[in-house]
Structures are given as C-alpha cells and as structure tokens.
$ cat work.pdb   # PDB, C-alpha atoms, pLDDT in the B column
ATOM      1  CA  MET J   1     -37.815 -29.589 -45.290  1.00 48.00           C
ATOM      2  CA  ALA J   2     -39.021 -26.679 -43.165  1.00 55.00           C
ATOM      3  CA  ARG J   3     -42.091 -24.874 -44.423  1.00 79.00           C
ATOM      4  CA  THR J   4     -42.238 -21.113 -44.583  1.00 88.00           C
ATOM      5  CA  LYS J   5     -44.764 -19.126 -42.578  1.00 86.00           C
ATOM      6  CA  THR J   6     -46.567 -18.264 -45.806  1.00 87.00           C
ATOM      7  CA  GLU J   7     -46.915 -21.957 -46.684  1.00 87.00           C
ATOM      8  CA  LYS J   8     -48.204 -22.725 -43.190  1.00 87.00           C
ATOM      9  CA  LEU J   9     -50.741 -19.902 -43.450  1.00 86.00           C
ATOM     10  CA  LEU J  10     -51.988 -20.995 -46.889  1.00 86.00           C
ATOM     11  CA  ASP J  11     -52.277 -24.576 -45.630  1.00 87.00           C
ATOM     12  CA  LEU J  12     -54.343 -23.360 -42.651  1.00 85.00           C
ATOM     13  CA  VAL J  13     -56.649 -21.360 -44.937  1.00 83.00           C
ATOM     14  CA  ASN J  14     -57.126 -24.351 -47.237  1.00 80.00           C
ATOM     15  CA  ARG J  15     -58.047 -26.577 -44.294  1.00 80.00           C
ATOM     16  CA  ARG J  16     -60.344 -24.120 -42.493  1.00 76.00           C
ATOM     17  CA  GLN J  17     -61.672 -22.101 -45.439  1.00 75.00           C
ATOM     18  CA  ILE J  18     -62.047 -19.034 -43.205  1.00 79.00           C
ATOM     19  CA  VAL J  19     -59.418 -17.802 -40.755  1.00 83.00           C
ATOM     20  CA  ARG J  20     -59.263 -15.019 -38.200  1.00 82.00           C
ATOM     21  CA  PRO J  21     -56.050 -13.253 -37.182  1.00 88.00           C
ATOM     22  CA  ARG J  22     -55.983 -15.026 -33.820  1.00 86.00           C
ATOM     23  CA  ASP J  23     -55.946 -18.419 -35.596  1.00 87.00           C
ATOM     24  CA  LEU J  24     -52.335 -17.638 -36.600  1.00 87.00           C
ATOM     25  CA  ASP J  25     -51.066 -17.221 -33.050  1.00 88.00           C
ATOM     26  CA  HIS J  26     -50.669 -20.927 -32.241  1.00 85.00           C
ATOM     27  CA  LEU J  27     -48.604 -21.406 -35.431  1.00 86.00           C
ATOM     28  CA  GLY J  28     -46.291 -18.522 -34.591  1.00 89.00           C
ATOM     29  CA  ILE J  29     -47.261 -16.599 -37.734  1.00 90.00           C
ATOM     30  CA  PRO J  30     -47.374 -12.800 -37.391  1.00 90.00           C
ATOM     31  CA  ARG J  31     -50.822 -11.390 -38.133  1.00 89.00           C
ATOM     32  CA  ASN J  32     -49.458  -8.964 -40.729  1.00 91.00           C
ATOM     33  CA  TYR J  33     -48.971 -11.954 -43.066  1.00 89.00           C
ATOM     34  CA  LEU J  34     -52.720 -11.846 -43.737  1.00 89.00           C
ATOM     35  CA  GLY J  35     -52.501  -8.333 -45.166  1.00 89.00           C
ATOM     36  CA  ARG J  36     -49.419  -9.237 -47.200  1.00 89.00           C
ATOM     37  CA  LEU J  37     -51.129 -12.223 -48.810  1.00 88.00           C
ATOM     38  CA  VAL J  38     -54.245 -10.171 -49.549  1.00 87.00           C
ATOM     39  CA  HIS J  39     -52.036  -7.559 -51.237  1.00 88.00           C
ATOM     40  CA  ARG J  40     -50.294 -10.298 -53.267  1.00 87.00           C
ATOM     41  CA  GLY J  41     -53.661 -11.725 -54.354  1.00 87.00           C
ATOM     42  CA  GLU J  42     -53.286 -15.059 -52.542  1.00 86.00           C
ATOM     43  CA  LEU J  43     -55.983 -14.396 -49.924  1.00 86.00           C
ATOM     44  CA  ARG J  44     -59.273 -12.524 -49.953  1.00 81.00           C
ATOM     45  CA  LYS J  45     -60.538 -10.404 -47.069  1.00 81.00           C
ATOM     46  CA  VAL J  46     -64.168 -11.395 -46.560  1.00 73.00           C
ATOM     47  CA  GLU J  47     -64.669  -8.597 -44.044  1.00 69.00           C
ATOM     48  CA  ARG J  48     -62.911  -7.159 -41.034  1.00 74.00           C
ATOM     49  CA  GLY J  49     -61.149 -10.015 -39.256  1.00 79.00           C
ATOM     50  CA  LEU J  50     -62.130 -12.796 -41.708  1.00 77.00           C
ATOM     51  CA  TYR J  51     -59.951 -14.077 -44.532  1.00 82.00           C
ATOM     52  CA  THR J  52     -60.345 -16.855 -47.087  1.00 79.00           C
ATOM     53  CA  ALA J  53     -58.518 -18.351 -50.052  1.00 79.00           C
ATOM     54  CA  ILE J  54     -58.965 -16.693 -53.441  1.00 76.00           C
ATOM     55  CA  ALA J  55     -59.814 -20.042 -55.032  1.00 68.00           C
ATOM     56  CA  MET J  56     -62.197 -21.144 -52.289  1.00 61.00           C
ATOM     57  CA  PRO J  57     -64.947 -23.333 -53.749  1.00 54.00           C
ATOM     58  CA  ALA J  58     -68.395 -21.797 -53.522  1.00 50.00           C
ATOM     59  CA  SER J  59     -70.524 -23.104 -50.688  1.00 55.00           C
ATOM     60  CA  GLU J  60     -73.974 -21.983 -49.726  1.00 59.00           C
ATOM     61  CA  HIS J  61     -73.012 -22.640 -46.104  1.00 72.00           C
ATOM     62  CA  ILE J  62     -69.965 -20.363 -46.087  1.00 77.00           C
ATOM     63  CA  SER J  63     -71.989 -17.560 -44.471  1.00 81.00           C
ATOM     64  CA  LEU J  64     -72.960 -19.944 -41.641  1.00 86.00           C
ATOM     65  CA  LEU J  65     -69.299 -20.718 -41.088  1.00 83.00           C
ATOM     66  CA  ALA J  66     -68.341 -17.046 -41.184  1.00 81.00           C
ATOM     67  CA  VAL J  67     -70.911 -16.118 -38.532  1.00 85.00           C
ATOM     68  CA  SER J  68     -70.070 -19.172 -36.423  1.00 86.00           C
ATOM     69  CA  ARG J  69     -66.430 -18.092 -36.355  1.00 81.00           C
ATOM     70  CA  LYS J  70     -67.431 -14.628 -35.138  1.00 83.00           C
ATOM     71  CA  VAL J  71     -69.973 -15.867 -32.570  1.00 87.00           C
ATOM     72  CA  PRO J  72     -68.813 -19.353 -31.527  1.00 86.00           C
ATOM     73  CA  LYS J  73     -71.477 -19.738 -28.802  1.00 90.00           C
ATOM     74  CA  ALA J  74     -74.349 -19.090 -31.209  1.00 93.00           C
ATOM     75  CA  VAL J  75     -76.406 -21.896 -32.763  1.00 96.00           C
ATOM     76  CA  VAL J  76     -77.737 -21.858 -36.333  1.00 96.00           C
ATOM     77  CA  CYS J  77     -81.531 -21.892 -36.054  1.00 97.00           C
ATOM     78  CA  LEU J  78     -84.893 -21.360 -37.745  1.00 97.00           C
ATOM     79  CA  LEU J  79     -84.739 -20.556 -41.488  1.00 96.00           C
ATOM     80  CA  SER J  80     -80.964 -21.039 -41.725  1.00 95.00           C
ATOM     81  CA  ALA J  81     -81.205 -24.425 -39.978  1.00 96.00           C
ATOM     82  CA  LEU J  82     -84.072 -25.435 -42.302  1.00 96.00           C
ATOM     83  CA  ARG J  83     -81.881 -24.573 -45.282  1.00 94.00           C
ATOM     84  CA  PHE J  84     -78.897 -26.415 -43.808  1.00 93.00           C
ATOM     85  CA  HIS J  85     -80.976 -29.584 -43.241  1.00 95.00           C
ATOM     86  CA  GLU J  86     -82.648 -29.155 -46.675  1.00 94.00           C
ATOM     87  CA  ILE J  87     -86.126 -28.955 -45.170  1.00 95.00           C
ATOM     88  CA  GLY J  88     -88.768 -26.888 -46.950  1.00 92.00           C
ATOM     89  CA  THR J  89     -88.269 -24.229 -49.586  1.00 91.00           C
ATOM     90  CA  GLN J  90     -87.005 -21.283 -47.536  1.00 89.00           C
ATOM     91  CA  ALA J  91     -83.944 -19.413 -48.848  1.00 86.00           C
ATOM     92  CA  PRO J  92     -83.148 -16.867 -46.148  1.00 89.00           C
ATOM     93  CA  PHE J  93     -81.129 -13.780 -47.003  1.00 87.00           C
ATOM     94  CA  GLU J  94     -80.058 -13.511 -43.342  1.00 89.00           C
ATOM     95  CA  VAL J  95     -78.227 -15.989 -41.115  1.00 91.00           C
ATOM     96  CA  TRP J  96     -80.527 -16.906 -38.227  1.00 95.00           C
ATOM     97  CA  MET J  97     -78.640 -17.561 -34.986  1.00 95.00           C
ATOM     98  CA  ALA J  98     -79.788 -18.380 -31.453  1.00 96.00           C
ATOM     99  CA  LEU J  99     -78.010 -16.838 -28.472  1.00 95.00           C
ATOM    100  CA  ASP J 100     -78.535 -16.968 -24.731  1.00 94.00           C
ATOM    101  CA  VAL J 101     -80.797 -14.182 -23.468  1.00 93.00           C
ATOM    102  CA  LYS J 102     -77.880 -12.641 -21.548  1.00 91.00           C
ATOM    103  CA  ALA J 103     -75.186 -13.136 -24.206  1.00 89.00           C
ATOM    104  CA  TRP J 104     -73.616 -10.189 -25.956  1.00 85.00           C
ATOM    105  CA  ALA J 105     -74.559  -9.975 -29.635  1.00 79.00           C
ATOM    106  CA  PRO J 106     -71.767  -8.552 -31.793  1.00 78.00           C
ATOM    107  CA  LYS J 107     -72.506  -6.221 -34.666  1.00 79.00           C
ATOM    108  CA  ILE J 108     -71.789  -8.111 -37.868  1.00 77.00           C
ATOM    109  CA  GLY J 109     -71.785  -6.190 -41.132  1.00 72.00           C
ATOM    110  CA  SER J 110     -71.780  -9.067 -43.569  1.00 71.00           C
ATOM    111  CA  PRO J 111     -73.459 -11.488 -43.869  1.00 76.00           C
ATOM    112  CA  SER J 112     -76.650 -10.087 -42.404  1.00 85.00           C
ATOM    113  CA  VAL J 113     -77.519 -11.807 -39.110  1.00 89.00           C
ATOM    114  CA  ARG J 114     -80.845 -12.201 -37.311  1.00 92.00           C
ATOM    115  CA  ILE J 115     -80.551 -13.095 -33.613  1.00 93.00           C
ATOM    116  CA  VAL J 116     -83.225 -14.889 -31.582  1.00 95.00           C
ATOM    117  CA  ARG J 117     -82.873 -15.274 -27.836  1.00 95.00           C
ATOM    118  CA  LEU J 118     -83.301 -18.596 -26.041  1.00 95.00           C
ATOM    119  CA  SER J 119     -82.424 -19.807 -22.566  1.00 93.00           C
ATOM    120  CA  GLY J 120     -82.040 -22.981 -20.556  1.00 93.00           C
ATOM    121  CA  GLU J 121     -82.938 -26.260 -22.183  1.00 96.00           C
ATOM    122  CA  ALA J 122     -84.404 -24.514 -25.235  1.00 95.00           C
ATOM    123  CA  LEU J 123     -80.885 -23.255 -26.072  1.00 95.00           C
ATOM    124  CA  HIS J 124     -79.016 -26.497 -25.393  1.00 96.00           C
ATOM    125  CA  PHE J 125     -81.442 -29.193 -26.559  1.00 96.00           C
ATOM    126  CA  GLY J 126     -80.777 -30.688 -29.999  1.00 96.00           C
ATOM    127  CA  VAL J 127     -77.508 -28.862 -30.701  1.00 96.00           C
ATOM    128  CA  GLN J 128     -75.361 -30.686 -33.247  1.00 96.00           C
ATOM    129  CA  GLU J 129     -71.802 -29.905 -34.289  1.00 94.00           C
ATOM    130  CA  ARG J 130     -71.430 -30.342 -38.033  1.00 92.00           C
ATOM    131  CA  GLU J 131     -68.378 -30.103 -40.278  1.00 83.00           C
ATOM    132  CA  ILE J 132     -68.788 -27.882 -43.342  1.00 79.00           C
ATOM    133  CA  SER J 133     -66.262 -26.363 -45.721  1.00 67.00           C
ATOM    134  CA  GLY J 134     -63.355 -27.192 -43.451  1.00 62.00           C
ATOM    135  CA  GLY J 135     -64.936 -25.753 -40.299  1.00 74.00           C
ATOM    136  CA  THR J 136     -67.441 -26.622 -37.601  1.00 85.00           C
ATOM    137  CA  ILE J 137     -70.808 -25.018 -36.967  1.00 91.00           C
ATOM    138  CA  ARG J 138     -73.348 -25.566 -34.220  1.00 95.00           C
ATOM    139  CA  VAL J 139     -76.848 -26.150 -35.589  1.00 96.00           C
ATOM    140  CA  PHE J 140     -80.117 -27.352 -34.084  1.00 97.00           C
ATOM    141  CA  SER J 141     -81.333 -30.836 -35.082  1.00 97.00           C
ATOM    142  CA  PRO J 142     -84.174 -31.098 -37.609  1.00 97.00           C
ATOM    143  CA  ALA J 143     -86.754 -31.877 -34.864  1.00 97.00           C
ATOM    144  CA  LYS J 144     -85.652 -28.919 -32.712  1.00 98.00           C
ATOM    145  CA  THR J 145     -85.631 -26.653 -35.757  1.00 97.00           C
ATOM    146  CA  VAL J 146     -89.235 -27.565 -36.582  1.00 97.00           C
ATOM    147  CA  ALA J 147     -90.309 -26.985 -32.968  1.00 97.00           C
ATOM    148  CA  ASP J 148     -88.544 -23.611 -33.006  1.00 97.00           C
ATOM    149  CA  CYS J 149     -90.449 -22.705 -36.168  1.00 97.00           C
ATOM    150  CA  PHE J 150     -93.688 -23.181 -34.237  1.00 97.00           C
ATOM    151  CA  LYS J 151     -92.293 -21.303 -31.227  1.00 97.00           C
ATOM    152  CA  PHE J 152     -91.356 -18.337 -33.433  1.00 97.00           C
ATOM    153  CA  ARG J 153     -94.310 -18.681 -35.843  1.00 96.00           C
ATOM    154  CA  HIS J 154     -95.167 -15.002 -35.314  1.00 96.00           C
ATOM    155  CA  LYS J 155     -91.720 -14.031 -36.670  1.00 94.00           C
ATOM    156  CA  ILE J 156     -91.483 -16.445 -39.604  1.00 95.00           C
ATOM    157  CA  GLY J 157     -95.125 -17.340 -40.323  1.00 95.00           C
ATOM    158  CA  ILE J 158     -97.252 -20.391 -39.526  1.00 96.00           C
ATOM    159  CA  ASP J 159     -97.094 -21.473 -43.182  1.00 96.00           C
ATOM    160  CA  VAL J 160     -93.294 -21.874 -42.878  1.00 96.00           C
ATOM    161  CA  ALA J 161     -93.701 -23.911 -39.680  1.00 96.00           C
ATOM    162  CA  LEU J 162     -96.307 -26.191 -41.283  1.00 96.00           C
ATOM    163  CA  GLU J 163     -94.174 -26.724 -44.396  1.00 96.00           C
ATOM    164  CA  ALA J 164     -91.177 -27.530 -42.181  1.00 96.00           C
ATOM    165  CA  LEU J 165     -93.155 -30.076 -40.166  1.00 97.00           C
ATOM    166  CA  ARG J 166     -94.557 -31.835 -43.253  1.00 96.00           C
ATOM    167  CA  ASP J 167     -91.249 -31.850 -45.123  1.00 96.00           C
ATOM    168  CA  CYS J 168     -89.198 -32.957 -42.118  1.00 96.00           C
ATOM    169  CA  TYR J 169     -91.529 -35.898 -41.481  1.00 95.00           C
ATOM    170  CA  ARG J 170     -91.829 -36.902 -45.166  1.00 95.00           C
ATOM    171  CA  GLN J 171     -88.057 -36.850 -45.642  1.00 95.00           C
ATOM    172  CA  LYS J 172     -87.628 -38.871 -42.436  1.00 95.00           C
ATOM    173  CA  LYS J 173     -85.312 -36.228 -40.976  1.00 96.00           C
ATOM    174  CA  ALA J 174     -87.000 -36.739 -37.580  1.00 96.00           C
ATOM    175  CA  THR J 175     -89.336 -39.293 -36.001  1.00 95.00           C
ATOM    176  CA  MET J 176     -92.635 -38.431 -34.319  1.00 95.00           C
ATOM    177  CA  ASN J 177     -91.048 -39.085 -30.920  1.00 96.00           C
ATOM    178  CA  GLU J 178     -88.181 -36.684 -31.669  1.00 97.00           C
ATOM    179  CA  LEU J 179     -90.669 -34.043 -32.807  1.00 97.00           C
ATOM    180  CA  ARG J 180     -92.791 -34.522 -29.661  1.00 96.00           C
ATOM    181  CA  GLU J 181     -89.742 -34.253 -27.398  1.00 97.00           C
ATOM    182  CA  ALA J 182     -88.554 -31.073 -29.139  1.00 97.00           C
ATOM    183  CA  ALA J 183     -92.082 -29.624 -28.954  1.00 97.00           C
ATOM    184  CA  LYS J 184     -92.120 -30.178 -25.162  1.00 97.00           C
ATOM    185  CA  VAL J 185     -88.749 -28.466 -24.739  1.00 96.00           C
ATOM    186  CA  CYS J 186     -89.932 -25.498 -26.821  1.00 96.00           C
ATOM    187  CA  ARG J 187     -93.301 -25.454 -25.017  1.00 96.00           C
ATOM    188  CA  VAL J 188     -95.299 -25.784 -28.210  1.00 97.00           C
ATOM    189  CA  ALA J 189     -96.570 -29.372 -27.767  1.00 96.00           C
ATOM    190  CA  ASN J 190    -100.233 -28.261 -27.689  1.00 96.00           C
ATOM    191  CA  VAL J 191     -99.749 -26.027 -30.743  1.00 96.00           C
ATOM    192  CA  MET J 192     -98.048 -28.771 -32.777  1.00 96.00           C
ATOM    193  CA  LYS J 193    -100.241 -31.704 -31.673  1.00 95.00           C
ATOM    194  CA  PRO J 194    -103.155 -31.253 -34.126  1.00 95.00           C
ATOM    195  CA  TYR J 195    -100.774 -30.744 -37.057  1.00 94.00           C
ATOM    196  CA  MET J 196     -98.721 -33.792 -36.102  1.00 93.00           C
ATOM    197  CA  GLU J 197    -101.863 -35.928 -35.820  1.00 92.00           C
ATOM    198  CA  SER J 198    -102.840 -34.952 -39.375  1.00 90.00           C
ATOM    199  CA  LEU J 199     -99.587 -36.312 -40.867  1.00 85.00           C
TER     200      LEU J 199
END

$ encode --input "work.pdb" --output "structure tokens"
Amino acid sequence: MARTKTEKLLDLVNRRQIVRPRDLDHLGIPRNYLGRLVHRGELRKVERGLYTAIAMPASEHISLLAVSRKVPKAVVCLLSALRFHEIGTQAPFEVWMALDVKAWAPKIGSPSVRIVRLSGEALHFGVQEREISGGTIRVFSPAKTVADCFKFRHKIGIDVALEALRDCYRQKKATMNELREAAKVCRVANVMKPYMESL
C-alpha cells in the first residue's frame, strides 16, 4: 500500500527527531507540507528552518542535535561536551561548538551558541560521531574535551578544567595515555602535567 506524503514526512520526523526543509527534497515531499502539519498540530516549529514532532520525548541533548543540523561541520566541545560525556557538574546554558578559524559562523537565535575557533589537528583530533535522539552529532572525545578545558581555561575557569580532569580519570572515561596525547595536540602538556601527576 502506497504511503501518503504526510505519512512519509511524519515517519522521517519520528526517525530524525528534527528535520529541515531540505531533508524533504530526497523524498519528493513539497516543503509546504511542514507548514501544513504545524498548522494541523502534528509538528512543532522549533525555530526558523527546524521542525520536530509534537510528541517528541524530552532529551537534554536535543539542543546539541539542533545546532549540529544547522552547522554540520561544527564539533560539540568544552562545557557541552563535558555534559554530553557526563563529566563534572557543569550545566551550560549555551551550546559550545568548535569551528575552523576560517569557517563562517551562522547566527543562531535558539538555542544560544558559543563558538570557539580551532585549526589543524586541534580541530580534527578526537572527533567522534555519536547517535542521539535519532540524529548524529560530532563531539570531541572525553580526553580531547579535558585538554580543551585546559586550553581554554581563561574562558571557562581553571576550576572547571581541574574538575573535568579528576572526574574523567576517576570515571575511566580516558586513560592517562589518551589524556597525554590530547594534551600534546592542544599544546597544554606542560600545563596539565603537574595535575595529572597528582591523580
């Protein structure tokens, strides 16, 4: 039995959680179906260009997915990556994303986004693709996240970096060798060394 375009669209939203108008193109669904389903109460407009199901289950990572859909080349980093990996006690009100120093940073109204600029190996080392809420995000590994916390300690505070290091090691989210390697890439090996030796 052939499915209607509305059924195909609702199935896509249930699988991906968040859809953009261009996601409909490969299914041959006109983009105006999004507005129709919002009007009928079957979809919710998260913000301009992002739609989700009305009955979407709550997820603390939905904002990471929303930003990742808008900026697919960005990598979740720093406080948002700590929260994602369940390291430390930080609960950021912004989504922290890393972009290449030359990359264009779009203006995103909601959720609030904080961009940090990285280049070369510091941008590509330790990037993991993780499935969440029916979508994929790019996030730095726990070891790289801790090293970044030391690299950006003037932005987030040395106390946050120290808590991240202790918690990451105690929870066995990263080995000492992984932490050392990430510290070298981020050029903070000398800064981290005394703290790592005290663990």

$ resolve_selection --input "work.pdb" --expression "the PyMOL selection byres ((chain J and resi 150) around 12)" --output "tab-separated table (two decimals) with C-alpha atoms, in the coordinates of the input"
chain	number	residue	atom	x	y	z
J	78	LEU	CA	-84.89	-21.36	-37.74
J	79	LEU	CA	-84.74	-20.56	-41.49
J	143	ALA	CA	-86.75	-31.88	-34.86
J	144	LYS	CA	-85.65	-28.92	-32.71
J	145	THR	CA	-85.63	-26.65	-35.76
J	146	VAL	CA	-89.24	-27.56	-36.58
J	147	ALA	CA	-90.31	-26.98	-32.97
J	148	ASP	CA	-88.54	-23.61	-33.01
J	149	CYS	CA	-90.45	-22.70	-36.17
J	151	LYS	CA	-92.29	-21.30	-31.23
J	152	PHE	CA	-91.36	-18.34	-33.43
J	153	ARG	CA	-94.31	-18.68	-35.84
J	154	HIS	CA	-95.17	-15.00	-35.31
J	155	LYS	CA	-91.72	-14.03	-36.67
J	156	ILE	CA	-91.48	-16.44	-39.60
J	157	GLY	CA	-95.12	-17.34	-40.32
J	158	ILE	CA	-97.25	-20.39	-39.53
J	159	ASP	CA	-97.09	-21.47	-43.18
J	160	VAL	CA	-93.29	-21.87	-42.88
J	161	ALA	CA	-93.70	-23.91	-39.68
J	162	LEU	CA	-96.31	-26.19	-41.28
J	163	GLU	CA	-94.17	-26.72	-44.40
J	164	ALA	CA	-91.18	-27.53	-42.18
J	165	LEU	CA	-93.16	-30.08	-40.17
J	179	LEU	CA	-90.67	-34.04	-32.81
J	182	ALA	CA	-88.55	-31.07	-29.14
J	183	ALA	CA	-92.08	-29.62	-28.95
J	184	LYS	CA	-92.12	-30.18	-25.16
J	185	VAL	CA	-88.75	-28.47	-24.74
J	186	CYS	CA	-89.93	-25.50	-26.82
J	187	ARG	CA	-93.30	-25.45	-25.02
J	188	VAL	CA	-95.30	-25.78	-28.21
J	189	ALA	CA	-96.57	-29.37	-27.77
J	190	ASN	CA	-100.23	-28.26	-27.69
J	191	VAL	CA	-99.75	-26.03	-30.74
J	192	MET	CA	-98.05	-28.77	-32.78
J	193	LYS	CA	-100.24	-31.70	-31.67
J	195	TYR	CA	-100.77	-30.74	-37.06
J	196	MET	CA	-98.72	-33.79	-36.10

$ atom_distance --input "work.pdb" --atom1 "CA of Val13 (chain J)" --atom2 "CA of Arg130 (chain J)"
18.6 Å

$ closest_residue --input "work.pdb" --among "J:Ile54, J:Arg69, J:Lys172, J:Val116" --to "His39 (chain J)" --atoms "only C-alpha atoms"
J:Ile54

$ closest_atom_pairs --input "work.pdb" --of "region 3-68 of chain J" --to "region 94-113 of chain J" --cutoff "10 Å" --atoms "all atoms listed in the file" --output "CSV"
residue,atom,partner,partner_atom,distance
J:Val46,CA,J:Ser110,CA,8.5
J:Glu47,CA,J:Ser110,CA,7.1
J:Arg48,CA,J:Gly109,CA,8.9
J:His61,CA,J:Val95,CA,9.8
J:Ile62,CA,J:Pro111,CA,9.8
J:Ser63,CA,J:Pro111,CA,6.3
J:Leu64,CA,J:Val95,CA,6.6
J:Ala66,CA,J:Pro111,CA,8.0
J:Val67,CA,J:Pro111,CA,7.5
J:Ser68,CA,J:Met97,CA,8.8

$ closest_residue --input "work.pdb" --among "J:Tyr33, J:Val75, J:His26, J:Gln17" --to "Thr4 (chain J)" --atoms "all atoms listed in the file"
J:Tyr33

$ axis_aligned_box --input "work.pdb" --around "region 7-25 of chain J" --padding-each-side "3 Å" --output "AutoDock Vina command-line options"
--center_x -54.5 --center_y -19.9 --center_z -40.1 --size_x 21.1 --size_y 19.3 --size_z 20.2

$ residues_around --input "work.pdb" --residues "Asp23 (chain J)" --least-positions-apart "4" --cutoff "12 Å" --atoms "all atoms listed in the file" --output "PyMOL selection string"
chain J and resi 8-9+12-13+16-19+27-31+34+49-51+69

$ closest_residue --input "work.pdb" --among "J:Val38, J:Ala53, J:Ala74, J:Leu24" --to "Ile115 (chain J)" --atoms "all atoms listed in the file"
J:Ala74

$ atom_distance --input "work.pdb" --atom1 "CA of Glu121 (chain J)" --atom2 "CA of Lys70 (chain J)"
23.3 Å
